[in-house]
Amino acid sequence: MALTQRVPLALAAGVLIGASVTLTSGVLADRSKPAAETVPVKDLQTFVEILNRVKTDYVEPVEDKTLLENAVRGMLSGLDPHSAYLDKSEFKEMNIATSGKFGGLGIEVQMQDGFVRVVSPIDDTPAAKAGVQAGDLIVKIDDTPVKGLTLNDAVQRMRGEPGTKITLTIAREGETAPKVLTLERAVIKVTSVRSRLLEPGMGYLRISSFTTETAASLNKELAKLAKDNDGALKGLVLDLRNNPGGVLDAAVKVSDAFLEQGPIVSIRGRDGDGSREFDARAGDMLDGKPIVVMINAGSASASEIVAGALQDQRRALIVGSRSFGKGSVQTILPLSNDGAIKITTARYYTPSGRSIQAEGIEPDVVIRPLRIARNEDGTADVFEPISEADLVKSLANENGDPAHQQEIKKKREQIEEQTKRARELAESDYTLYETLNLLKGLVISSARP
């Protein structure tokens, strides 16, 4: 059954600019299984008749190979947005992408109303740096309108040699005029896990995609956070915003890192075929400390598995906005021509048994993305309240020994520094600022008897 360790199941959009990235289920369909029923001879005759008519009557000669490949592509793309035919080069690029290295722009896309819709830009890629956002509609690639192109055609036009430039015309909700962005193609090396301390004891872990390296990187970053903190963390923010998904095994391992036991995700195919369940093993890397998970409309597939598992197991608080809603499983079947087909074979379910297909994960606390801006002169409106100590002729504290006064001064300096950092965080990422406040509340609550 298992032909390879990396057998993908698709991402939210099924196509990543520069490569086709898929979510790995770890198994391939049993190819010895007989077909459900025989294709009617009459329908095959109709197909052959159409093929011959196109060959003889089309305005230009077309090779048989092209006609048959187009027929296969149409057959699969007509099933759902995630099933597809992969030729030799596309299949090769998909395998490169699941390892975390590929060439292109760094965006996850799908087709919507004849335009290419951005599901999510990947951190630190040309797309993210140029300001491409989840939900953007790409209406023109260089001088070519997207309307009328297939998704594969559009992707091929966006691919190219690293260092070459491309112009994307983008329509964005709320904007009165299209945006024109110029990007420089690059070899994308996805750093799927990053971390930093937000405050003493409060860790931040960002997973931008799930690759074969994510689980190992997660362990390293958690160890780094503990080292930087000079001890165990009090709580953790897990940021899965604009994470389009990736390898299923990585999503399972990330979930397992924070769970002691119980189900993580289950996969169920037609008539019970190919059903699998993934359970957590003992060992919570945070030892039960509070976790807040951030999601948004760009969080899809594997990131929804993690959010759903931690939410259903009541291990984490989920905040942000509703996720993308990609709850189907795609299996890659290699073909004799060195290509493959990616076909939807199952749905996946969270521990409570719910399918999030086309519904997504609803956050426990909704936080709408806002932008905090400074005044035109660059200052921020900050109200500094007056205290008793500021009043003229106020009584001094009766505990006036120098050591105590020095301690009070030190604490005030720490508070002032934390206030400054909080203000800067609110200006740069308001959603993260609010999430940190929620995490602090959970930490305080969990510390009380």
# chains A, B, ... in the order shown; residues from 1 in each chain; ligands from 1
call {"tool": "select_by_dssp", "arguments": {"residues": "segment 87-237 of chain A", "states": "alpha helix (DSSP H)", "output": "ChimeraX atom specification"}}
result
/A:88-97,126-130,151-158,214-228
call {"tool": "write_last_selection", "arguments": {"atoms": "C-alpha atoms", "output": "mmCIF file, in the first residue's frame"}}
result
data_model
loop_
_atom_site.group_PDB
_atom_site.id
_atom_site.type_symbol
_atom_site.label_atom_id
_atom_site.label_comp_id
_atom_site.auth_asym_id
_atom_site.auth_seq_id
_atom_site.Cartn_x
_atom_site.Cartn_y
_atom_site.Cartn_z
ATOM 1 C CA LYS A 88 6.109 14.920 -15.185
ATOM 2 C CA SER A 89 7.444 18.400 -14.402
ATOM 3 C CA GLU A 90 4.494 19.332 -12.148
ATOM 4 C CA PHE A 91 4.838 16.078 -10.199
ATOM 5 C CA LYS A 92 8.562 16.701 -9.739
ATOM 6 C CA GLU A 93 7.958 20.259 -8.511
ATOM 7 C CA MET A 94 5.311 19.034 -6.062
ATOM 8 C CA ASN A 95 7.829 16.707 -4.420
ATOM 9 C CA ILE A 96 10.332 19.560 -4.171
ATOM 10 C CA ALA A 97 7.715 21.833 -2.597
ATOM 11 C CA PRO A 126 8.291 37.885 -3.049
ATOM 12 C CA ALA A 127 4.482 37.864 -2.788
ATOM 13 C CA ALA A 128 4.422 38.697 0.928
ATOM 14 C CA LYS A 129 7.079 41.402 0.574
ATOM 15 C CA ALA A 130 5.181 43.025 -2.313
ATOM 16 C CA LEU A 151 -5.576 27.837 -13.323
ATOM 17 C CA ASN A 152 -2.693 25.822 -14.752
ATOM 18 C CA ASP A 153 -2.164 28.404 -17.523
ATOM 19 C CA ALA A 154 -2.113 31.219 -14.969
ATOM 20 C CA VAL A 155 0.334 29.349 -12.741
ATOM 21 C CA GLN A 156 2.646 28.646 -15.679
ATOM 22 C CA ARG A 157 2.711 32.356 -16.539
ATOM 23 C CA MET A 158 3.592 33.277 -12.963
ATOM 24 C CA THR A 214 8.211 21.453 10.439
ATOM 25 C CA ALA A 215 8.029 18.982 13.343
ATOM 26 C CA ALA A 216 11.808 19.012 13.898
ATOM 27 C CA SER A 217 11.888 22.820 13.605
ATOM 28 C CA LEU A 218 9.064 23.090 16.156
ATOM 29 C CA ASN A 219 11.085 21.156 18.733
ATOM 30 C CA LYS A 220 14.152 23.346 18.155
ATOM 31 C CA GLU A 221 12.190 26.593 18.407
ATOM 32 C CA LEU A 222 10.431 25.547 21.627
ATOM 33 C CA ALA A 223 13.815 24.670 23.152
ATOM 34 C CA LYS A 224 15.164 28.042 21.987
ATOM 35 C CA LEU A 225 12.228 29.876 23.595
ATOM 36 C CA ALA A 226 12.841 28.107 26.921
ATOM 37 C CA LYS A 227 16.540 29.018 26.728
ATOM 38 C CA ASP A 228 15.835 32.672 25.890
#
call {"tool": "select_by_dssp", "arguments": {"residues": "segment 194-293 of chain A", "states": "strand (DSSP E)", "output": "ChimeraX atom specification"}}
result
/A:194-199,202-207,235-239,263-269,276-279,291-293
call {"tool": "residues_around", "arguments": {"residues": "segment 133-145 of chain A", "least_positions_apart": "5", "cutoff": "8 Å", "atoms": "only C-alpha atoms", "output": "VMD selection string"}}
result
chain A and resid 115 to 121 128 154 157 to 158 166 to 173 242 297 to 298
call {"tool": "atom_distance", "arguments": {"atom1": "atom CA of Ala302 of chain A", "atom2": "atom CA of Ala186 of chain A"}}
result
24.9 Å
call {"tool": "atom_distance", "arguments": {"atom1": "atom CA of Arg423 of chain A", "atom2": "atom CA of Arg371 of chain A"}}
result
12.2 Å
